[in-house]
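Novice: Dropping in model-v3.cif, with mmCIF, C-alpha atoms.
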```cif
data_work
#
loop_
_atom_site.label_atom_id
_atom_site.label_comp_id
_atom_site.auth_asym_id
_atom_site.auth_seq_id
_atom_site.Cartn_x
_atom_site.Cartn_y
_atom_site.Cartn_z
CA MET V 1 -6.30 -25.18 -20.04
CA HIS V 2 -2.75 -23.95 -19.60
CA ALA V 3 -2.26 -20.92 -17.36
CA SER V 4 -0.57 -18.91 -20.12
CA ALA V 5 -3.84 -18.64 -22.06
CA ASP V 6 -4.73 -15.32 -23.64
CA THR V 7 -7.89 -13.45 -22.64
CA ALA V 8 -9.64 -14.46 -25.81
CA THR V 9 -9.06 -18.17 -25.13
CA VAL V 10 -10.20 -18.24 -21.49
CA THR V 11 -13.53 -20.01 -21.80
CA ASP V 12 -13.36 -22.04 -18.58
CA VAL V 13 -12.42 -19.55 -15.88
CA ALA V 14 -12.41 -22.13 -13.11
CA ALA V 15 -9.96 -24.40 -14.95
CA TYR V 16 -7.83 -21.41 -15.94
CA MET V 17 -7.55 -20.12 -12.36
CA GLU V 18 -6.91 -23.62 -11.01
CA ALA V 19 -3.99 -23.94 -13.43
CA ILE V 20 -2.59 -20.51 -12.52
CA CYS V 21 -2.70 -21.30 -8.80
CA ARG V 22 -1.20 -24.77 -9.28
CA ASP V 23 1.62 -23.39 -11.44
CA ALA V 24 2.29 -20.62 -8.91
CA ARG V 25 2.65 -23.18 -6.12
CA ALA V 26 5.16 -25.12 -8.19
CA ALA V 27 7.07 -21.92 -8.96
CA ALA V 28 7.15 -21.00 -5.27
CA ARG V 29 8.67 -24.36 -4.42
CA SER V 30 11.34 -23.94 -7.09
CA LEU V 31 12.25 -20.48 -5.77
CA ALA V 32 13.49 -22.07 -2.53
CA SER V 33 16.70 -23.04 -4.36
CA VAL V 34 17.13 -19.74 -6.24
CA GLN V 35 19.93 -17.52 -5.00
CA THR V 36 19.64 -13.77 -4.46
CA ARG V 37 21.82 -13.06 -7.49
CA GLN V 38 19.40 -14.82 -9.83
CA ARG V 39 16.38 -13.02 -8.40
CA ASN V 40 18.18 -9.68 -8.74
CA HIS V 41 19.04 -10.57 -12.35
CA ALA V 42 15.31 -11.00 -13.04
CA LEU V 43 14.52 -7.67 -11.41
CA LEU V 44 17.14 -5.72 -13.35
CA ALA V 45 16.05 -7.40 -16.59
CA THR V 46 12.47 -6.36 -15.80
CA ALA V 47 13.61 -2.77 -15.30
CA ALA V 48 15.41 -2.91 -18.66
CA ALA V 49 12.27 -4.27 -20.34
CA LEU V 50 10.19 -1.42 -18.91
CA ASP V 51 12.64 1.06 -20.38
CA GLU V 52 12.77 -0.68 -23.76
CA GLN V 53 9.00 -1.09 -24.07
CA ARG V 54 7.93 2.46 -23.25
CA ASP V 55 6.09 2.87 -26.57
CA GLU V 56 4.19 -0.40 -26.11
CA LEU V 57 3.28 0.56 -22.55
CA ALA V 58 2.07 4.00 -23.65
CA ALA V 59 -0.06 2.50 -26.41
CA ALA V 60 -1.66 -0.03 -24.07
CA ASN V 61 -2.33 2.65 -21.47
CA ALA V 62 -3.89 4.92 -24.10
CA GLN V 63 -6.41 2.16 -24.85
CA ASP V 64 -7.34 1.89 -21.18
CA LEU V 65 -7.59 5.67 -20.74
CA ALA V 66 -9.82 6.02 -23.80
CA ALA V 67 -12.06 3.22 -22.56
CA GLY V 68 -12.15 4.80 -19.10
CA GLU V 69 -13.16 8.19 -20.45
CA ALA V 70 -15.87 6.57 -22.55
CA ALA V 71 -17.12 4.73 -19.47
CA GLY V 72 -17.29 7.99 -17.49
CA LEU V 73 -14.49 7.37 -14.97
CA ASP V 74 -13.91 10.48 -12.87
CA ALA V 75 -10.74 12.55 -13.00
CA ALA V 76 -9.24 10.99 -9.87
CA LEU V 77 -9.62 7.46 -11.22
CA LEU V 78 -8.20 8.45 -14.60
CA ASP V 79 -5.22 10.01 -12.84
CA ARG V 80 -4.58 6.76 -10.97
CA LEU V 81 -4.87 4.84 -14.23
CA ALA V 82 -2.52 7.04 -16.26
CA LEU V 83 0.95 5.63 -16.96
CA THR V 84 3.00 8.75 -17.67
CA PRO V 85 6.69 8.71 -18.65
CA GLU V 86 7.48 9.91 -15.13
CA ARG V 87 5.55 7.02 -13.61
CA ILE V 88 7.38 4.56 -15.83
CA ASP V 89 10.60 6.17 -14.58
CA GLY V 90 9.32 5.66 -11.05
CA MET V 91 8.60 1.98 -11.66
CA ILE V 92 12.06 1.44 -13.12
CA ALA V 93 13.61 3.20 -10.14
CA GLY V 94 11.49 1.15 -7.76
CA VAL V 95 12.46 -2.20 -9.29
CA THR V 96 16.11 -1.19 -9.32
CA ALA V 97 15.86 -0.11 -5.68
CA VAL V 98 14.30 -3.44 -4.70
CA ALA V 99 17.15 -5.28 -6.45
CA ALA V 100 19.64 -3.27 -4.39
CA LEU V 101 17.96 -4.07 -1.06
CA ASP V 102 19.38 -6.61 1.33
CA ASP V 103 17.70 -9.98 0.86
CA PRO V 104 15.87 -11.00 4.05
CA VAL V 105 15.37 -14.60 2.92
CA GLY V 106 17.56 -17.05 4.82
CA ARG V 107 18.65 -14.55 7.45
CA ILE V 108 18.87 -16.08 10.92
CA ASP V 109 18.19 -13.84 13.91
CA GLU V 110 18.16 -14.30 17.66
CA LEU V 111 20.48 -17.33 17.59
CA ALA V 112 21.07 -18.31 21.19
CA ALA V 113 22.39 -21.29 23.10
CA ARG V 114 20.04 -23.21 25.39
CA PRO V 115 20.98 -25.14 28.56
CA SER V 116 20.68 -28.39 26.62
CA GLY V 117 23.47 -27.26 24.29
CA ILE V 118 21.27 -26.73 21.25
CA ARG V 119 21.27 -23.33 19.56
CA VAL V 120 17.89 -21.89 18.56
CA GLY V 121 17.29 -19.10 16.07
CA ARG V 122 14.65 -17.79 13.70
CA MET V 123 15.08 -17.79 9.93
CA ARG V 124 13.32 -15.47 7.46
CA VAL V 125 11.49 -17.49 4.81
CA PRO V 126 9.04 -16.61 1.99
CA LEU V 127 5.32 -16.77 2.59
CA GLY V 128 4.83 -18.86 -0.57
CA VAL V 129 2.13 -17.82 -3.07
CA ILE V 130 0.57 -14.38 -2.80
CA GLY V 131 -2.54 -13.26 -4.66
CA ILE V 132 -2.82 -9.53 -5.30
CA ILE V 133 -6.22 -8.16 -6.31
CA TYR V 134 -6.13 -4.50 -7.25
CA GLU V 135 -7.82 -1.67 -9.12
CA SER V 136 -6.79 1.28 -11.28
CA ARG V 137 -3.11 1.79 -10.50
CA PRO V 138 -1.04 -0.21 -12.99
CA ASN V 139 2.18 0.44 -11.06
CA VAL V 140 0.94 -2.16 -8.56
CA THR V 141 1.69 -4.82 -11.19
CA ILE V 142 5.39 -3.96 -11.12
CA ASP V 143 5.73 -3.11 -7.44
CA ALA V 144 4.01 -6.33 -6.37
CA ALA V 145 5.92 -8.56 -8.77
CA ALA V 146 9.26 -7.04 -7.77
CA LEU V 147 8.71 -7.28 -4.04
CA CYS V 148 7.26 -10.79 -4.16
CA LEU V 149 10.14 -12.03 -6.31
CA LYS V 150 12.83 -10.46 -4.13
CA ALA V 151 11.26 -12.05 -1.05
CA GLY V 152 11.18 -15.45 -2.75
CA ASN V 153 7.42 -15.63 -3.32
CA ALA V 154 5.36 -16.45 -6.39
CA CYS V 155 2.51 -14.05 -7.08
CA ILE V 156 -0.76 -14.01 -8.99
CA LEU V 157 -1.68 -10.49 -10.16
CA ARG V 158 -5.35 -9.79 -10.79
CA GLY V 159 -5.76 -6.15 -11.84
CA GLY V 160 -8.95 -4.27 -12.57
CA SER V 161 -10.62 -4.39 -15.97
CA GLU V 162 -10.12 -0.63 -16.35
CA ALA V 163 -6.33 -1.19 -16.56
CA HIS V 164 -6.37 -4.54 -18.33
CA GLN V 165 -4.35 -3.63 -21.42
CA THR V 166 -1.76 -1.74 -19.37
CA ASN V 167 -1.40 -4.56 -16.88
CA ARG V 168 -0.92 -7.12 -19.64
CA ALA V 169 1.82 -4.98 -21.20
CA LEU V 170 3.51 -4.62 -17.82
CA GLY V 171 3.16 -8.36 -17.28
CA GLU V 172 5.07 -8.94 -20.49
CA CYS V 173 7.94 -6.86 -19.08
CA VAL V 174 7.96 -9.01 -15.95
CA ALA V 175 7.84 -12.17 -18.06
CA ALA V 176 10.85 -10.93 -20.04
CA GLY V 177 12.77 -10.35 -16.80
CA LEU V 178 11.94 -13.82 -15.48
CA ALA V 179 12.94 -15.45 -18.75
CA ALA V 180 16.25 -13.58 -18.81
CA ALA V 181 17.09 -15.02 -15.40
CA GLY V 182 15.87 -18.53 -16.19
CA LEU V 183 13.00 -18.40 -13.70
CA PRO V 184 9.55 -19.98 -14.23
CA ALA V 185 6.98 -17.74 -15.94
CA ALA V 186 4.49 -18.69 -13.20
CA THR V 187 6.66 -16.88 -10.64
CA ALA V 188 4.70 -13.70 -11.39
CA ARG V 189 1.74 -13.79 -13.73
CA VAL V 190 -0.99 -11.32 -14.64
CA VAL V 191 -4.42 -12.98 -14.82
CA ALA V 192 -5.48 -12.78 -18.45
CA THR V 193 -9.24 -12.72 -17.96
CA THR V 194 -11.37 -9.80 -16.77
CA GLU V 195 -14.18 -12.13 -15.68
CA ARG V 196 -15.25 -11.21 -12.14
CA SER V 197 -15.57 -14.89 -11.26
CA ALA V 198 -11.77 -15.18 -11.49
CA VAL V 199 -11.53 -13.27 -8.20
CA GLY V 200 -13.83 -15.73 -6.48
CA HIS V 201 -11.79 -18.67 -7.70
CA LEU V 202 -8.59 -17.04 -6.45
CA LEU V 203 -10.12 -16.32 -3.04
CA GLY V 204 -11.12 -19.96 -2.68
CA ALA V 205 -7.74 -21.46 -3.59
CA ALA V 206 -6.68 -22.04 0.02
CA ASP V 207 -4.62 -25.10 -0.83
CA GLU V 208 -2.40 -23.21 -3.27
CA VAL V 209 -2.39 -19.54 -2.14
CA ASP V 210 -0.99 -18.41 1.21
CA LEU V 211 -1.95 -14.72 1.40
CA ILE V 212 -4.32 -12.32 -0.38
CA ILE V 213 -3.53 -8.61 -0.64
CA PRO V 214 -6.33 -6.41 -2.01
CA ARG V 215 -5.60 -2.86 -3.18
CA GLY V 216 -8.45 -0.67 -4.29
CA GLY V 217 -11.74 0.81 -3.18
CA LYS V 218 -13.62 -0.09 -0.04
CA ALA V 219 -16.15 -2.22 -1.93
CA LEU V 220 -13.41 -4.41 -3.40
CA ILE V 221 -11.67 -4.88 -0.07
CA GLU V 222 -14.92 -5.64 1.77
CA ARG V 223 -15.74 -8.28 -0.86
CA VAL V 224 -12.31 -9.87 -0.50
CA VAL V 225 -12.53 -9.96 3.29
CA ALA V 226 -16.05 -11.45 3.16
CA GLU V 227 -15.29 -14.15 0.58
CA SER V 228 -11.68 -15.13 1.13
CA ARG V 229 -10.77 -18.52 2.58
CA ILE V 230 -7.18 -17.27 2.71
CA PRO V 231 -5.64 -14.77 5.19
CA VAL V 232 -6.00 -11.17 3.95
CA LEU V 233 -3.58 -8.26 4.48
CA LYS V 234 -5.39 -4.99 3.86
CA HIS V 235 -6.58 -1.53 4.81
CA LEU V 236 -10.14 -0.38 4.21
CA ASP V 237 -9.84 3.42 4.31
CA GLY V 238 -7.21 6.12 4.34
CA ASN V 239 -9.00 8.73 6.44
CA CYS V 240 -5.81 10.56 7.40
CA HIS V 241 -5.56 13.54 9.77
CA VAL V 242 -3.14 16.40 10.33
CA TYR V 243 -3.41 18.15 13.71
CA LEU V 244 -2.00 21.66 14.05
CA ASP V 245 -1.08 22.02 17.70
CA ALA V 246 -1.02 25.29 19.65
CA ALA V 247 2.79 25.06 19.55
CA ALA V 248 2.99 24.50 15.80
CA ASP V 249 5.49 26.52 13.79
CA PRO V 250 3.25 28.59 11.46
CA ASP V 251 5.35 28.07 8.34
CA ARG V 252 5.63 24.33 8.92
CA ALA V 253 1.91 24.09 9.65
CA HIS V 254 1.03 25.87 6.40
CA ALA V 255 3.42 23.83 4.24
CA ILE V 256 2.47 20.45 5.73
CA ALA V 257 -1.30 21.03 5.65
CA VAL V 258 -1.26 22.16 2.02
CA ASN V 259 1.08 19.41 0.86
CA ALA V 260 -0.75 16.64 2.71
CA LYS V 261 -3.95 17.48 0.83
CA THR V 262 -2.89 18.82 -2.55
CA HIS V 263 0.28 16.91 -3.50
CA ARG V 264 -1.93 14.15 -4.92
CA LEU V 265 -5.64 13.72 -4.34
CA GLY V 266 -6.57 10.14 -5.18
CA VAL V 267 -4.19 8.38 -2.79
CA CYS V 268 -4.75 6.70 0.56
CA ASN V 269 -2.17 8.82 2.42
CA ALA V 270 -3.66 12.19 1.48
CA MET V 271 -5.03 14.23 4.38
CA GLU V 272 -8.82 14.10 4.53
CA THR V 273 -9.38 16.02 7.80
CA LEU V 274 -7.45 18.98 9.19
CA LEU V 275 -7.66 19.49 12.94
CA VAL V 276 -6.59 22.86 14.37
CA ASP V 277 -6.10 23.85 18.00
CA ARG V 278 -8.51 26.61 18.93
CA ALA V 279 -5.64 28.67 20.36
CA VAL V 280 -4.05 29.15 16.93
CA ALA V 281 -7.01 28.70 14.58
CA ALA V 282 -7.49 32.41 13.90
CA GLU V 283 -3.78 32.79 13.14
CA LEU V 284 -3.26 29.72 10.96
CA LEU V 285 -6.50 28.70 9.34
CA PRO V 286 -7.39 31.65 7.04
CA GLY V 287 -4.04 31.57 5.23
CA ILE V 288 -4.10 27.79 4.87
CA ALA V 289 -7.65 27.99 3.56
CA VAL V 290 -6.61 30.49 0.87
CA ALA V 291 -3.84 28.17 -0.30
CA LEU V 292 -6.11 25.14 -0.30
CA ARG V 293 -8.82 26.94 -2.27
CA ALA V 294 -6.19 28.13 -4.75
CA ASN V 295 -5.52 24.44 -5.38
CA GLY V 296 -9.20 23.78 -6.06
CA ILE V 297 -10.04 22.22 -2.69
CA GLU V 298 -13.61 22.47 -1.41
CA LEU V 299 -13.64 23.10 2.35
CA ARG V 300 -16.21 21.68 4.76
CA GLY V 301 -15.91 22.80 8.33
CA CYS V 302 -17.32 22.96 11.82
CA PRO V 303 -19.20 26.16 12.81
CA GLU V 304 -16.00 27.79 14.15
CA THR V 305 -14.20 27.00 10.92
CA CYS V 306 -17.02 28.49 8.85
CA ALA V 307 -16.85 31.66 10.94
CA LEU V 308 -13.12 32.02 10.21
CA VAL V 309 -13.39 30.84 6.60
CA PRO V 310 -16.68 32.11 5.14
CA GLU V 311 -16.11 30.16 1.91
CA ALA V 312 -16.28 26.86 3.80
CA GLN V 313 -19.46 24.83 3.75
CA ALA V 314 -20.95 23.38 6.91
CA ALA V 315 -19.58 19.87 7.49
CA SER V 316 -21.98 16.99 8.09
CA GLU V 317 -21.35 14.18 10.54
CA ALA V 318 -20.47 11.92 7.60
CA ASP V 319 -17.69 14.28 6.48
CA TRP V 320 -15.54 13.43 9.49
CA SER V 321 -15.32 9.74 8.53
CA THR V 322 -15.17 10.09 4.74
CA GLU V 323 -12.14 9.24 2.60
CA TYR V 324 -12.77 11.68 -0.25
CA LEU V 325 -9.90 10.73 -2.58
CA GLY V 326 -10.67 14.02 -4.26
CA PRO V 327 -10.68 17.83 -3.87
CA ILE V 328 -12.64 18.00 -0.60
CA LEU V 329 -11.27 18.59 2.90
CA ALA V 330 -12.98 18.50 6.28
CA ILE V 331 -11.71 21.00 8.89
CA ARG V 332 -12.44 20.98 12.60
CA ILE V 333 -11.26 23.31 15.35
CA VAL V 334 -10.59 21.37 18.54
CA ASP V 335 -9.79 22.18 22.14
CA GLY V 336 -6.24 20.89 22.39
CA LEU V 337 -4.37 17.62 21.99
CA ASP V 338 -6.79 15.38 23.87
CA ALA V 339 -9.72 16.54 21.74
CA ALA V 340 -7.68 16.01 18.57
CA MET V 341 -6.75 12.46 19.57
CA ALA V 342 -10.34 11.72 20.59
CA HIS V 343 -11.50 12.85 17.13
CA ILE V 344 -8.91 10.64 15.42
CA GLU V 345 -9.86 7.67 17.61
CA ARG V 346 -13.56 8.07 16.74
CA TYR V 347 -13.36 8.87 13.03
CA GLY V 348 -9.93 7.74 11.84
CA SER V 349 -9.10 4.59 9.89
CA ARG V 350 -5.79 3.83 11.65
CA HIS V 351 -3.83 4.53 8.48
CA THR V 352 -1.69 7.69 8.88
CA ASP V 353 -2.02 10.65 11.23
CA ALA V 354 0.31 13.59 11.87
CA ILE V 355 0.88 16.32 14.44
CA VAL V 356 2.60 19.63 13.75
CA THR V 357 4.13 20.96 16.96
CA GLU V 358 7.30 22.27 18.56
CA HIS V 359 6.19 20.88 21.94
CA TRP V 360 8.21 17.72 22.58
CA SER V 361 6.01 16.07 25.21
CA ARG V 362 2.85 16.59 23.13
CA ALA V 363 4.59 15.08 20.14
CA GLN V 364 5.58 12.07 22.24
CA ARG V 365 2.03 11.66 23.54
CA PHE V 366 0.69 11.75 19.98
CA LEU V 367 3.19 9.08 18.89
CA ARG V 368 2.30 6.82 21.82
CA GLU V 369 -1.46 7.27 21.96
CA VAL V 370 -2.60 7.55 18.34
CA ASP V 371 -3.24 3.96 17.24
CA SER V 372 -2.41 4.16 13.54
CA ALA V 373 -0.08 2.26 11.24
CA SER V 374 1.97 5.43 10.65
CA VAL V 375 2.15 8.30 13.13
CA MET V 376 4.15 11.40 12.21
CA VAL V 377 5.58 14.52 13.81
CA ASN V 378 6.15 17.61 11.67
CA ALA V 379 5.86 15.78 8.34
CA SER V 380 3.24 15.41 5.61
CA THR V 381 1.10 12.28 5.61
CA ARG V 382 2.18 11.84 1.98
CA PHE V 383 5.39 10.26 3.28
CA ALA V 384 3.46 7.13 4.34
CA ASP V 385 4.86 5.17 1.44
CA GLY V 386 7.14 2.17 1.06
CA ALA V 387 9.70 3.94 -1.11
CA GLU V 388 9.83 6.95 1.23
CA TYR V 389 10.32 4.60 4.19
CA GLY V 390 13.29 2.95 2.50
CA LEU V 391 11.46 -0.25 1.57
CA GLY V 392 12.26 0.21 -2.13
CA ALA V 393 8.59 -0.15 -3.00
CA GLU V 394 5.45 -1.35 -1.26
CA ILE V 395 2.92 -4.00 -2.06
CA GLY V 396 0.26 -2.25 -0.01
CA ILE V 397 -0.48 -0.70 3.36
CA SER V 398 -1.82 -2.73 6.25
CA THR V 399 -3.84 -1.32 9.13
CA ASP V 400 -4.04 -4.76 10.73
CA ARG V 401 -1.96 -5.44 13.83
CA LEU V 402 -0.87 -8.99 13.06
CA HIS V 403 2.05 -9.96 10.83
CA ALA V 404 2.65 -6.61 9.06
CA ARG V 405 1.52 -3.04 9.71
CA GLY V 406 1.92 0.11 7.62
CA PRO V 407 3.63 0.02 4.20
CA VAL V 408 4.45 -3.61 3.43
CA GLY V 409 7.86 -4.24 1.91
CA LEU V 410 10.17 -7.23 1.81
CA GLU V 411 10.00 -8.30 5.46
CA GLY V 412 6.20 -8.07 5.37
CA LEU V 413 6.27 -10.67 2.59
CA THR V 414 8.22 -13.15 4.67
CA THR V 415 7.59 -15.09 7.83
CA ARG V 416 9.96 -16.72 10.30
CA LYS V 417 10.54 -20.31 11.28
CA PHE V 418 12.56 -21.71 14.15
CA VAL V 419 15.85 -23.37 13.26
CA VAL V 420 17.83 -25.52 15.68
CA PHE V 421 21.52 -26.46 15.57
CA GLY V 422 22.76 -29.34 17.65
CA ASP V 423 25.81 -31.53 18.24
CA GLY V 424 24.00 -34.80 18.68
CA GLN V 425 21.88 -33.76 21.68
CA VAL V 426 18.92 -35.92 22.70
CA ARG V 427 16.25 -34.87 25.16
CA ASN V 428 16.27 -36.58 28.55
#
```
Let me see whether you can do it: turn the structure in this file into structure tokens.
Specialist:
Amino acid sequence: MHASADTATVTDVAAYMEAICRDARAAARSLASVQTRQRNHALLATAAALDEQRDELAAANAQDLAAGEAAGLDAALLDRLALTPERIDGMIAGVTAVAALDDPVGRIDELAARPSGIRVGRMRVPLGVIGIIYESRPNVTIDAAALCLKAGNACILRGGSEAHQTNRALGECVAAGLAAAGLPAATARVVATTERSAVGHLLGAADEVDLIIPRGGKALIERVVAESRIPVLKHLDGNCHVYLDAAADPDRAHAIAVNAKTHRLGVCNAMETLLVDRAVAAELLPGIAVALRANGIELRGCPETCALVPEAQAASEADWSTEYLGPILAIRIVDGLDAAMAHIERYGSRHTDAIVTEHWSRAQRFLREVDSASVMVNASTRFADGAEYGLGAEIGISTDRLHARGPVGLEGLTTRKFVVFGDGQVRN
């Protein structure tokens, strides 16, 4: 069965996925000779297709939203699924920004002469074929395709069934961009079947696929990690903290705490636990609590928090390690910086953590000692994002230490190989 098969014609999932992976490997090989200009042409044509096909995208998304409501998806999941005009604008801007980024592929760094006379450097090269397995957020289809293409990789996009119609419509925009630039359709392809077994086949395709990136809930990521025969780049949880230090500016503390939680609920960089130094808790916490409750946030706190904020419920032990992805916040009053960092070390997920302080040495200690992919001083955790970091877009966030960490952009989708230049040298 050819890999371009429609959902309705996929009767042999194993053969279908084998064809997709084989075609992606061939496309990745062909990309080695494609210049930056041609890849950028495909990206800009994809952005144009997104703009031209707004009505088709809205109609497809309406089908998914209606099916999601009928299936009882909660408000946070429906929000992640929704493809609003503003989010389409954001995707167009993201693709355009990726096209404008410097191309890392082929760049040679660290070129140095050796005593033998050879010169040794390291060249940025694509990873090859990347499988992306994701849930809910249809913008991942565009972000992943754009970043993989710019970095010279082929990608296989397997979205969740709840966004199937939207992802297919977005995939048609990508296909239009590839065709406009004369690139193979298999360079970036949305898997047409919603059969769960397709994921298993993708995870087992070690001969054709070089990296798997899962984006979604903890259950999905745990399954991918358990079953994959291919290296996985991932994060499991986004249990993010903001610590209000004794030397925090009150206005900054208020603004950052409220924004980090309420700007958007169902995202991995939203604050899930607020830590407050005991020395300033009585001054800062009541006002922040009022603002949070005005935004519909349920508060769960330690006994000291409940004494200062009577509306707060008593927090359980599980609350400190929970990624709510919804209108719930855990609050704990701590005895200074060391206690705050100890709490983050015990309960955090190594995703994003922030300190609000005007004390320089405490800020520096927090940056050095908190072992997270993103560590911030006097800024909302909501900035832990590829676009905000200047990456153009992100394909995901990694809390692993090897290869890539934090928001993964173009360089995270490449590797390096040694290159050697000689003048006829032979080794004695």
Novice: Name all residues at most 8 Å from range 212-222 of chain V (count all atoms listed in the file; drop same-chain ones fewer than 2 positions away) and give them as an NGL selection string.
Specialist: :V and (130-136 or 203 or 209-210 or 224-226 or 230-237 or 396)
Novice: Name every residue that the PyMOL selection byres ((chain V and resi 400) around 9) selects in this structure, writing the answer as a ChimeraX atom specification with chains first and numbers rising.
Specialist: /V:233-235,350,373,398-399,401-406
Novice: Which residues of range 254-354 of chain V come within 10 Å of range 77-80 of chain V, and for each one, what is the closest pair of atoms and their distance in Å to one decimal, counting all atoms listed in the file, sorted by chain and residue number, as a tab-separated table?
Specialist:
```
residue	atom	partner	partner_atom	distance
V:Arg264	CA	V:Asp79	CA	9.5
V:Leu265	CA	V:Asp79	CA	9.3
V:Gly266	CA	V:Arg80	CA	7.0
V:Val267	CA	V:Arg80	CA	8.3
V:Leu325	CA	V:Leu77	CA	9.2
V:Gly326	CA	V:Leu77	CA	9.6
```
Novice: Restricting the calculation to all atoms listed in the file: of V:Ala270, V:Ile20, V:Met123, V:Leu284, which residue gets closest to Arg158 in chain V?
Specialist: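 That would be V:Ile20, the residue with the smallest distance to Arg158 in chain V.
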Novice: Step by step, work through what the PyMOL selection byres ((chain V and resi 272-274) around 8) selects in the shown file, and finish by giving those residues as a ChimeraX atom specification.
Specialist: /V:239-244,257,261,270-271,275-276,320,322-325,328-332
